[in-house]
Amino acid sequence: MAAAAAADVREIDAIVVGAGFSGMYMLIKLRELGLTAQVIEAGSNVGGTWYWNRYPGARVDTQSLEYSFSFSAELEQEWRWSERYAPQAELLAYAEHVAERFDLKRDIRFHTRVAAAHYDDASSQWTVTTDAGDQYRARFCIMATGCLSVPTEVTFPGIESFKGALYRTSRWPREGLDLSGQRVGFIGTGSSGIQAIPVLAEQVAQLTVFQRTPNYSMPAHNGPIPDEDLQAWQANREDYRARSRNTALGFLYDPTDRSALDATPEEREAEYERRWQVGGFRIFGAYTDIGTDLAANATAAEFAKKKIASIVKDPAVADLLTPKDHPFASKRLCVDTNYYATYNRDNVRLVDLRATPIDRITETGLATTGESFDFDAIVLATGFDAMTGAIDRIDIRGRDGAVMKERWAEGPRTYLGLMVAGFPNLFLITGPGSPSVLSNMMTSIEQHVEWIADCLAWMAGRQQAVIEASPAAEDQWVAHVDEISTTTLYPHANSWYMGANVPGKPRRFLPYAAGVDVYRAHCAEVAARDYEGFVVSAAG
Ligand code: FAD
Ligand code: NAP
């Protein structure tokens with residue numbers, strides 16, 4: 001299908017940016033369609049999130065049987081997860097296995113960052129320029145750049161003067177790190193921090209955790225997957241997967257259809273306890289209104305508060321670890337192994353940055369407004385420029401030179417989280433305005449990749465070459481995404497879901513909160529109506 005190669009520009013049917021699970025599966029589907037494709041990846045291997053985030057304790061918080069590809073029964077039969085929540089190294093090995101099994105690496109260029117993607121109206125082609133200065137020309141450009149792939153640029157006064165070692169969880173050294181016997185300062189108590197802190201505490205001499213906002217966390221109860229569970233999974237795989245795709249969260253969590261407010265306090269306690277004992281995100285299924293009604297939400301928050309108090313021996317520390325400024329799970333719910341109990345250790349101390357904020361990093365450690373600390377190493381687990389960060393960092397220009405970053409200056413605008421008006425043939429996988437980070441990402445990645453592949457096949461079948469979102473459909477979708485978010489409690493929190501963790505980032509709820517099931521049905525309906533809301537043409 002692709003034209004012959006021009007002098008310095010490689011001609012190809014599709015460019016995919018990113019070789020995480022999104023980019024890998026997209027490559028498989030593009031090949032199935034008979035299209036030539038080039039994947040470009042900044043890292044030196046596949047795996048995306050699981051390539052970059054190698055901090056101690058890094059693992060999934062969605063159960064591995066469900067956080068894995070479902071598109072190939074053979075792949076699923078031959079891979080065996082060691083634990084309910086697999087660790088980072090195993091996820092990376094899984095990504096490697098998928099790459100080998102489907103012979104993906106021959107079409108992936110590593111160590112290369114895409115710097116620009118410009119659309120040419122006359123030829124209806126994208127020209128993609130890498131940081132090495134070379135170029136690719138393709139009809140389709142697919143951004144598989146990840147929702148959580150760009151760390152925030154959090155810094156502190158004096159940081160360059162620190163004589164010890166400074167690490168970021170999201171850029172943990174590939175060769176690993178032994179911090180035994182060291183005094184370590186740890187900043188950040190989101191999911192990354194909550195996973196890393198208990199493991200580091202066992203290794204280091206002293207761990208001082210600097211907490212700005214406490215988060216809610218549920219126990220993982222991690223361990224080997226019992227044989228009978230594995231057998232049940234293999235026997236019922238298709239049914240389980242089909243059901244997962246049609247839940248709101250993209251995995252099985254046993255949702256009820258009851259309001260928390262219709263249950264007695266005793267019933268609620270029993271229901272929450274039952275789900276706490278299962279662990280992970282099972283609590284989401286307890287009641288329908290935990291995420292939408294403040295009074296219902298308060299019952300879950302109260303349960304979590306009591307749990308923290310029952311685990312953490314020092315009541316003052318337990319109180320500090322209890323969230324007070326946002327509803328339960330209105331920031332991303334965390335899943336942990338021994339997080340709260342870690343604060344019972346003699347070598348762990350919690351510092352409340354609300355009472356005494358960080359003043360500066362010093363040569364020998366860190367000074368808050370109340371105290372100075374000496375450290376051998378400081379770890380930053382300070383989060384990501386989520387959902388828009390990777391797209392914003394590429395110079396993307398669409399029809400008539402429209403600049404994506406300018407188009408998104410007031411917040412991201414998409415139709416279905418998949419395309420942006422004025423940027424023909426440019427697709428986003430799990431883009432803003434789709435359920436993405438509110439779901440099991442593997443479910444959402446598969447749904448998007450398959451929708452895009454079906455769309456390309458449909459176009460080819462009709463001799464159509466160009467598809468783009470109509471401005472009206474995009475306007476309606478953006479308004480709809482906003483409106484749905486106001487029916488939830490998410491806007492009550494200063495979270496990365498709201499863009500609140502990046503100074504200057506517009507405060508907009510980024511994902512689509514109506515649920516994977518609702519969204520999937522809507523996307524299917526749009527396709528069935530010959531891609532309603534999209535403009536399709538034979539040429540530019
Ligand atoms: P990524 O895995 O982020 O891959 C994107 C790739 O694109 C990266 O390798 C990056 O280097 C590359 N890239 C970006 N920009 C460029 C560019 N300009 N040029 C070249 N390459 C580029 N989700 C869940 O559902 N369950 C979980 O348990 C879970 N755990 C997580 C744990 C951590 C520590 C983090 C950070 C996220 C977690 N997530 C989880 C979300 C996770 O990001 C997704 O599940 C999934 O891995 C995303 O895959 P992806 O391919 O879309 O993006
Ligand atoms: P995060 O949730 O954004 O947490 C960042 C932490 O750093 C917060 O506690 C934040 O405090 C703190 N922080 C940021 N800037 C700070 C500053 N200047 N001073 C002091 N503290 C500061 O980031 P994350 O923990 O990396 O997680 C991001 C997302 O990735 C998760 O929500 C999840 O979706 C995914 N993830 C999943 C897992 C998993 O369990 N599988 C693990 C890691 C990540 P404030 O809250 O006050 O801003």
# chains A, B, ... in the order shown; residues from 1 in each chain; ligands from 1

$ closest_atom_pairs --of "segment 118-206 of chain A" --to "segment 329-334 of chain A" --cutoff "8 Å" --atoms "only C-alpha atoms" --output "tab-separated table"
residue	atom	partner	partner_atom	distance
A:Gly190	CA	A:Cys334	CA	7.1
A:Ser191	CA	A:Cys334	CA	5.1
A:Ile194	CA	A:Cys334	CA	7.3

$ residues_near_ligand --ligand "ligand 2" --cutoff "7 Å" --atoms "only C-alpha atoms and all ligand atoms" --output "PyMOL selection string"
chain A and resi 58-62+148+154-155+187-193+195+210-214+332+334-335+381-384+437+495-496+501

$ select_by_dssp --residues "segment 374-469 of chain A" --states "strand (DSSP E or B)" --output "compact mmCIF listing (two decimals) with N, CA, C and O atoms, in the first residue's frame"
# COMPACT_ATOMS: atom_id res chain seq x y z
N ASP A 374 18.70 15.39 57.44
CA ASP A 374 19.85 14.94 56.65
C ASP A 374 19.52 13.63 55.96
O ASP A 374 19.03 12.69 56.60
N ALA A 377 19.76 9.99 50.39
CA ALA A 377 19.03 9.96 49.12
C ALA A 377 17.64 10.55 49.32
O ALA A 377 17.05 10.45 50.41
N ILE A 378 17.15 11.20 48.25
CA ILE A 378 15.77 11.71 48.26
C ILE A 378 15.05 11.08 47.07
O ILE A 378 15.59 11.01 45.96
N VAL A 379 13.84 10.60 47.32
CA VAL A 379 13.04 9.99 46.25
C VAL A 379 11.81 10.86 46.00
O VAL A 379 11.10 11.22 46.94
N LEU A 380 11.57 11.17 44.73
CA LEU A 380 10.38 11.92 44.35
C LEU A 380 9.37 10.97 43.71
O LEU A 380 9.69 10.32 42.70
N PHE A 384 2.50 12.62 37.52
CA PHE A 384 2.59 12.74 36.06
C PHE A 384 1.74 13.89 35.54
O PHE A 384 0.71 14.23 36.12
N ASP A 395 5.09 18.58 18.83
CA ASP A 395 4.61 19.71 18.02
C ASP A 395 3.65 19.15 16.95
O ASP A 395 4.08 18.77 15.87
N ILE A 396 2.38 19.08 17.31
CA ILE A 396 1.39 18.47 16.40
C ILE A 396 0.64 19.59 15.67
O ILE A 396 0.04 20.47 16.31
N ARG A 397 0.69 19.57 14.36
CA ARG A 397 -0.02 20.57 13.55
C ARG A 397 -0.94 19.87 12.56
O ARG A 397 -0.50 19.02 11.80
N VAL A 403 -2.40 24.25 15.61
CA VAL A 403 -1.47 23.68 16.59
C VAL A 403 -2.27 23.00 17.71
O VAL A 403 -3.08 23.64 18.37
N TYR A 415 -13.24 14.20 20.14
CA TYR A 415 -14.50 13.50 19.93
C TYR A 415 -14.26 12.05 20.33
O TYR A 415 -13.37 11.39 19.76
N MET A 419 -10.34 11.27 18.45
CA MET A 419 -9.85 12.15 17.38
C MET A 419 -10.11 13.60 17.77
O MET A 419 -10.93 13.89 18.64
N LEU A 426 -5.48 11.40 12.60
CA LEU A 426 -4.65 11.31 13.81
C LEU A 426 -5.53 10.73 14.93
O LEU A 426 -6.54 11.34 15.29
N PHE A 427 -5.15 9.57 15.41
CA PHE A 427 -5.94 8.90 16.44
C PHE A 427 -5.20 8.94 17.78
O PHE A 427 -3.97 8.91 17.81
N LEU A 428 -5.97 9.01 18.85
CA LEU A 428 -5.40 8.94 20.21
C LEU A 428 -5.88 7.64 20.84
O LEU A 428 -7.07 7.34 20.78
N VAL A 466 -9.51 9.64 4.21
CA VAL A 466 -9.34 10.61 5.30
C VAL A 466 -10.57 10.61 6.20
O VAL A 466 -11.70 10.64 5.72
N ILE A 467 -10.32 10.59 7.51
CA ILE A 467 -11.41 10.70 8.47
C ILE A 467 -11.04 11.74 9.50
O ILE A 467 -9.88 11.84 9.90
N GLU A 468 -11.99 12.56 9.88
CA GLU A 468 -11.72 13.50 10.98
C GLU A 468 -13.00 13.81 11.73
O GLU A 468 -14.11 13.66 11.20
N ALA A 469 -12.82 14.20 12.98
CA ALA A 469 -13.97 14.54 13.81
C ALA A 469 -14.57 15.84 13.30
O ALA A 469 -13.84 16.77 12.94

$ residues_near_ligand --ligand "ligand 1" --cutoff "7 Å" --atoms "only C-alpha atoms and all ligand atoms" --output "mmCIF file with N, CA, C and O atoms, in the first residue's frame"
data_model
loop_
_atom_site.group_PDB
_atom_site.id
_atom_site.type_symbol
_atom_site.label_atom_id
_atom_site.label_comp_id
_atom_site.auth_asym_id
_atom_site.auth_seq_id
_atom_site.Cartn_x
_atom_site.Cartn_y
_atom_site.Cartn_z
ATOM 1 N N VAL A 17 3.138 6.169 17.692
ATOM 2 C CA VAL A 17 4.090 6.745 18.642
ATOM 3 C C VAL A 17 3.892 6.063 19.996
ATOM 4 O O VAL A 17 2.831 6.196 20.609
ATOM 5 N N GLY A 18 4.912 5.330 20.452
ATOM 6 C CA GLY A 18 4.843 4.666 21.749
ATOM 7 C C GLY A 18 4.735 3.159 21.600
ATOM 8 O O GLY A 18 3.946 2.665 20.782
ATOM 9 N N ALA A 19 5.537 2.427 22.374
ATOM 10 C CA ALA A 19 5.526 0.959 22.313
ATOM 11 C C ALA A 19 5.166 0.343 23.658
ATOM 12 O O ALA A 19 5.734 -0.654 24.093
ATOM 13 N N GLY A 20 4.221 0.996 24.360
ATOM 14 C CA GLY A 20 3.596 0.344 25.514
ATOM 15 C C GLY A 20 2.558 -0.638 24.981
ATOM 16 O O GLY A 20 2.542 -0.970 23.783
ATOM 17 N N PHE A 21 1.668 -1.085 25.840
ATOM 18 C CA PHE A 21 0.675 -2.065 25.399
ATOM 19 C C PHE A 21 -0.203 -1.497 24.269
ATOM 20 O O PHE A 21 -0.613 -2.230 23.373
ATOM 21 N N SER A 22 -0.477 -0.194 24.295
ATOM 22 C CA SER A 22 -1.305 0.405 23.229
ATOM 23 C C SER A 22 -0.610 0.289 21.880
ATOM 24 O O SER A 22 -1.202 -0.169 20.897
ATOM 25 N N GLY A 23 0.640 0.740 21.828
ATOM 26 C CA GLY A 23 1.371 0.744 20.564
ATOM 27 C C GLY A 23 1.607 -0.674 20.056
ATOM 28 O O GLY A 23 1.555 -0.937 18.845
ATOM 29 N N ILE A 40 7.465 4.151 16.927
ATOM 30 C CA ILE A 40 8.632 4.893 17.412
ATOM 31 C C ILE A 40 8.515 5.041 18.928
ATOM 32 O O ILE A 40 7.471 5.476 19.433
ATOM 33 N N GLU A 41 9.561 4.666 19.618
ATOM 34 C CA GLU A 41 9.512 4.605 21.085
ATOM 35 C C GLU A 41 10.756 5.280 21.682
ATOM 36 O O GLU A 41 11.882 4.982 21.280
ATOM 37 N N ALA A 42 10.526 6.137 22.659
ATOM 38 C CA ALA A 42 11.635 6.850 23.298
ATOM 39 C C ALA A 42 12.519 5.910 24.125
ATOM 40 O O ALA A 42 13.736 6.093 24.200
ATOM 41 N N GLY A 43 11.932 4.916 24.746
ATOM 42 C CA GLY A 43 12.696 3.988 25.577
ATOM 43 C C GLY A 43 13.445 2.964 24.740
ATOM 44 O O GLY A 43 13.351 2.964 23.511
ATOM 45 N N VAL A 46 10.086 -2.426 24.742
ATOM 46 C CA VAL A 46 8.630 -2.336 24.812
ATOM 47 C C VAL A 46 8.190 -2.247 26.278
ATOM 48 O O VAL A 46 9.009 -2.403 27.178
ATOM 49 N N GLY A 47 6.895 -2.017 26.496
ATOM 50 C CA GLY A 47 6.362 -2.102 27.865
ATOM 51 C C GLY A 47 5.870 -0.782 28.433
ATOM 52 O O GLY A 47 5.100 -0.771 29.389
ATOM 53 N N GLY A 48 6.352 0.345 27.893
ATOM 54 C CA GLY A 48 5.831 1.654 28.320
ATOM 55 C C GLY A 48 5.933 1.841 29.827
ATOM 56 O O GLY A 48 7.033 1.829 30.410
ATOM 57 N N THR A 49 4.796 1.980 30.469
ATOM 58 C CA THR A 49 4.728 2.157 31.924
ATOM 59 C C THR A 49 5.645 1.188 32.660
ATOM 60 O O THR A 49 6.337 1.560 33.611
ATOM 61 N N TRP A 50 5.662 -0.067 32.201
ATOM 62 C CA TRP A 50 6.384 -1.118 32.932
ATOM 63 C C TRP A 50 7.853 -1.147 32.554
ATOM 64 O O TRP A 50 8.655 -1.843 33.177
ATOM 65 N N TYR A 51 8.205 -0.405 31.542
ATOM 66 C CA TYR A 51 9.610 -0.196 31.198
ATOM 67 C C TYR A 51 10.189 0.910 32.075
ATOM 68 O O TYR A 51 11.316 0.812 32.563
ATOM 69 N N ASN A 53 8.734 2.522 35.002
ATOM 70 C CA ASN A 53 8.464 2.587 36.458
ATOM 71 C C ASN A 53 8.983 1.331 37.154
ATOM 72 O O ASN A 53 8.277 0.342 37.313
ATOM 73 N N ALA A 58 6.767 -1.665 42.690
ATOM 74 C CA ALA A 58 5.906 -1.341 41.543
ATOM 75 C C ALA A 58 5.200 -2.599 41.051
ATOM 76 O O ALA A 58 5.840 -3.610 40.772
ATOM 77 N N ARG A 59 3.913 -2.517 40.955
ATOM 78 C CA ARG A 59 3.125 -3.651 40.472
ATOM 79 C C ARG A 59 1.746 -3.143 40.062
ATOM 80 O O ARG A 59 1.406 -1.993 40.345
ATOM 81 N N VAL A 60 0.976 -3.987 39.443
ATOM 82 C CA VAL A 60 -0.383 -3.582 39.063
ATOM 83 C C VAL A 60 -1.286 -3.479 40.281
ATOM 84 O O VAL A 60 -1.027 -4.124 41.311
ATOM 85 N N ASP A 61 -2.331 -2.690 40.163
ATOM 86 C CA ASP A 61 -3.376 -2.737 41.190
ATOM 87 C C ASP A 61 -4.698 -3.207 40.583
ATOM 88 O O ASP A 61 -5.741 -3.174 41.228
ATOM 89 N N THR A 62 -4.631 -3.632 39.332
ATOM 90 C CA THR A 62 -5.738 -4.335 38.683
ATOM 91 C C THR A 62 -5.249 -5.773 38.586
ATOM 92 O O THR A 62 -4.102 -6.001 38.212
ATOM 93 N N TYR A 67 -5.621 -7.643 33.925
ATOM 94 C CA TYR A 67 -4.709 -6.640 33.350
ATOM 95 C C TYR A 67 -3.742 -7.370 32.422
ATOM 96 O O TYR A 67 -2.560 -7.585 32.737
ATOM 97 N N THR A 112 14.161 6.584 20.364
ATOM 98 C CA THR A 112 13.837 7.674 19.447
ATOM 99 C C THR A 112 12.551 8.349 19.910
ATOM 100 O O THR A 112 11.548 7.678 20.173
ATOM 101 N N ARG A 113 12.620 9.654 20.007
ATOM 102 C CA ARG A 113 11.457 10.409 20.463
ATOM 103 C C ARG A 113 10.843 11.128 19.271
ATOM 104 O O ARG A 113 11.570 11.699 18.450
ATOM 105 N N VAL A 114 9.544 11.099 19.162
ATOM 106 C CA VAL A 114 8.875 11.879 18.119
ATOM 107 C C VAL A 114 8.777 13.321 18.597
ATOM 108 O O VAL A 114 8.246 13.594 19.682
ATOM 109 N N ALA A 115 9.325 14.222 17.809
ATOM 110 C CA ALA A 115 9.335 15.635 18.200
ATOM 111 C C ALA A 115 8.174 16.385 17.555
ATOM 112 O O ALA A 115 7.623 17.314 18.152
ATOM 113 N N ALA A 144 0.052 6.540 20.702
ATOM 114 C CA ALA A 144 -0.045 5.535 21.770
ATOM 115 C C ALA A 144 0.935 5.961 22.855
ATOM 116 O O ALA A 144 1.730 5.170 23.357
ATOM 117 N N THR A 145 0.875 7.251 23.176
ATOM 118 C CA THR A 145 1.923 7.887 23.977
ATOM 119 C C THR A 145 1.713 7.751 25.487
ATOM 120 O O THR A 145 2.572 8.182 26.254
ATOM 121 N N GLY A 146 0.575 7.178 25.901
ATOM 122 C CA GLY A 146 0.380 6.909 27.323
ATOM 123 C C GLY A 146 -0.247 8.063 28.074
ATOM 124 O O GLY A 146 0.028 9.234 27.812
ATOM 125 N N CYS A 147 -1.092 7.702 29.045
ATOM 126 C CA CYS A 147 -1.774 8.710 29.879
ATOM 127 C C CYS A 147 -0.890 9.149 31.042
ATOM 128 O O CYS A 147 -1.087 10.222 31.608
ATOM 129 N N LEU A 148 0.030 8.269 31.433
ATOM 130 C CA LEU A 148 0.855 8.537 32.619
ATOM 131 C C LEU A 148 2.307 8.258 32.262
ATOM 132 O O LEU A 148 2.997 7.474 32.906
ATOM 133 N N SER A 149 2.779 8.897 31.208
ATOM 134 C CA SER A 149 4.134 8.613 30.729
ATOM 135 C C SER A 149 5.081 9.795 30.885
ATOM 136 O O SER A 149 6.279 9.644 30.666
ATOM 137 N N SER A 170 9.390 7.235 38.746
ATOM 138 C CA SER A 170 9.024 6.990 37.344
ATOM 139 C C SER A 170 10.239 6.895 36.426
ATOM 140 O O SER A 170 10.081 6.617 35.231
ATOM 141 N N SER A 192 2.215 5.504 43.543
ATOM 142 C CA SER A 192 3.631 5.111 43.452
ATOM 143 C C SER A 192 4.248 5.105 44.847
ATOM 144 O O SER A 192 4.937 4.143 45.238
ATOM 145 N N ALA A 390 2.013 13.934 27.261
ATOM 146 C CA ALA A 390 2.810 13.399 26.154
ATOM 147 C C ALA A 390 2.403 14.037 24.824
ATOM 148 O O ALA A 390 3.248 14.290 23.960
ATOM 149 N N ARG A 393 3.752 17.586 24.436
ATOM 150 C CA ARG A 393 5.191 17.700 24.210
ATOM 151 C C ARG A 393 5.589 17.386 22.767
ATOM 152 O O ARG A 393 6.762 17.404 22.430
ATOM 153 N N ILE A 394 4.632 17.063 21.941
ATOM 154 C CA ILE A 394 4.923 16.859 20.515
ATOM 155 C C ILE A 394 4.332 18.050 19.755
ATOM 156 O O ILE A 394 3.218 18.490 20.057
ATOM 157 N N ILE A 429 -4.978 6.891 21.438
ATOM 158 C CA ILE A 429 -5.414 5.687 22.161
ATOM 159 C C ILE A 429 -5.548 6.054 23.641
ATOM 160 O O ILE A 429 -4.603 6.549 24.242
ATOM 161 N N THR A 430 -6.716 5.798 24.180
ATOM 162 C CA THR A 430 -7.099 6.177 25.552
ATOM 163 C C THR A 430 -6.910 7.676 25.792
ATOM 164 O O THR A 430 -6.437 8.101 26.849
ATOM 165 N N VAL A 437 -8.176 6.100 32.113
ATOM 166 C CA VAL A 437 -7.606 5.926 33.454
ATOM 167 C C VAL A 437 -8.639 5.621 34.541
ATOM 168 O O VAL A 437 -8.261 5.317 35.671
ATOM 169 N N SER A 439 -10.531 3.155 34.221
ATOM 170 C CA SER A 439 -10.877 1.750 33.965
ATOM 171 C C SER A 439 -9.636 0.871 34.064
ATOM 172 O O SER A 439 -8.520 1.365 34.231
ATOM 173 N N ASN A 440 -9.861 -0.440 33.932
ATOM 174 C CA ASN A 440 -8.759 -1.356 33.638
ATOM 175 C C ASN A 440 -8.242 -0.930 32.273
ATOM 176 O O ASN A 440 -8.927 -1.078 31.257
ATOM 177 N N MET A 441 -7.030 -0.407 32.251
ATOM 178 C CA MET A 441 -6.529 0.186 31.000
ATOM 179 C C MET A 441 -6.410 -0.835 29.876
ATOM 180 O O MET A 441 -6.498 -0.486 28.705
ATOM 181 N N MET A 442 -6.182 -2.089 30.200
ATOM 182 C CA MET A 442 -6.060 -3.087 29.138
ATOM 183 C C MET A 442 -7.388 -3.232 28.393
ATOM 184 O O MET A 442 -7.411 -3.395 27.177
ATOM 185 N N ILE A 445 -7.643 -0.053 26.282
ATOM 186 C CA ILE A 445 -6.677 -0.055 25.171
ATOM 187 C C ILE A 445 -7.203 -0.969 24.052
ATOM 188 O O ILE A 445 -7.235 -0.593 22.883
#

$ closest_residue --among "A:Ser217, A:Thr152, A:Thr36, A:Gln88" --to "Tyr340 of chain A" --atoms "only C-alpha atoms"
A:Ser217

$ residues_around --residues "Arg106 of chain A" --least-positions-apart "2" --cutoff "12 Å" --atoms "only C-alpha atoms" --output "MDAnalysis selection string"
chainID A and resid 24 27:28 36:40 46 99:100 102:104 108:110

$ residues_around --residues "Glu83 of chain A" --least-positions-apart "4" --cutoff "6 Å" --atoms "only C-alpha atoms" --output "number ranges by chain"
A: 223-225

$ write_last_selection --atoms "N, CA, C and O atoms" --output "CSV table (one decimal), in the first residue's frame"
chain,number,residue,atom,x,y,z
A,223,GLY,N,-0.8,-12.3,46.6
A,223,GLY,CA,-0.2,-13.6,46.8
A,223,GLY,C,-0.4,-14.4,45.5
A,223,GLY,O,-0.9,-13.9,44.5
A,224,PRO,N,0.1,-15.7,45.6
A,224,PRO,CA,0.0,-16.5,44.4
A,224,PRO,C,-1.5,-16.7,44.0
A,224,PRO,O,-2.4,-16.7,44.9
A,225,ILE,N,-1.8,-16.9,42.7
A,225,ILE,CA,-3.2,-17.1,42.3
A,225,ILE,C,-3.5,-18.6,42.6
A,225,ILE,O,-2.8,-19.5,42.1

$ residues_around --residues "Ala527 of chain A" --least-positions-apart "3" --cutoff "9 Å" --atoms "only C-alpha atoms" --output "NGL selection string"
:A and (451 or 454-455 or 522-524 or 530-532)

$ atom_distance --atom1 "atom CA of Leu166 of chain A" --atom2 "atom CA of Glu153 of chain A"
13.7 Å

$ residues_around --residues "Asp134 of chain A" --least-positions-apart "6" --cutoff "9 Å" --atoms "only C-alpha atoms" --output "ChimeraX atom specification"
/A:8-10,128
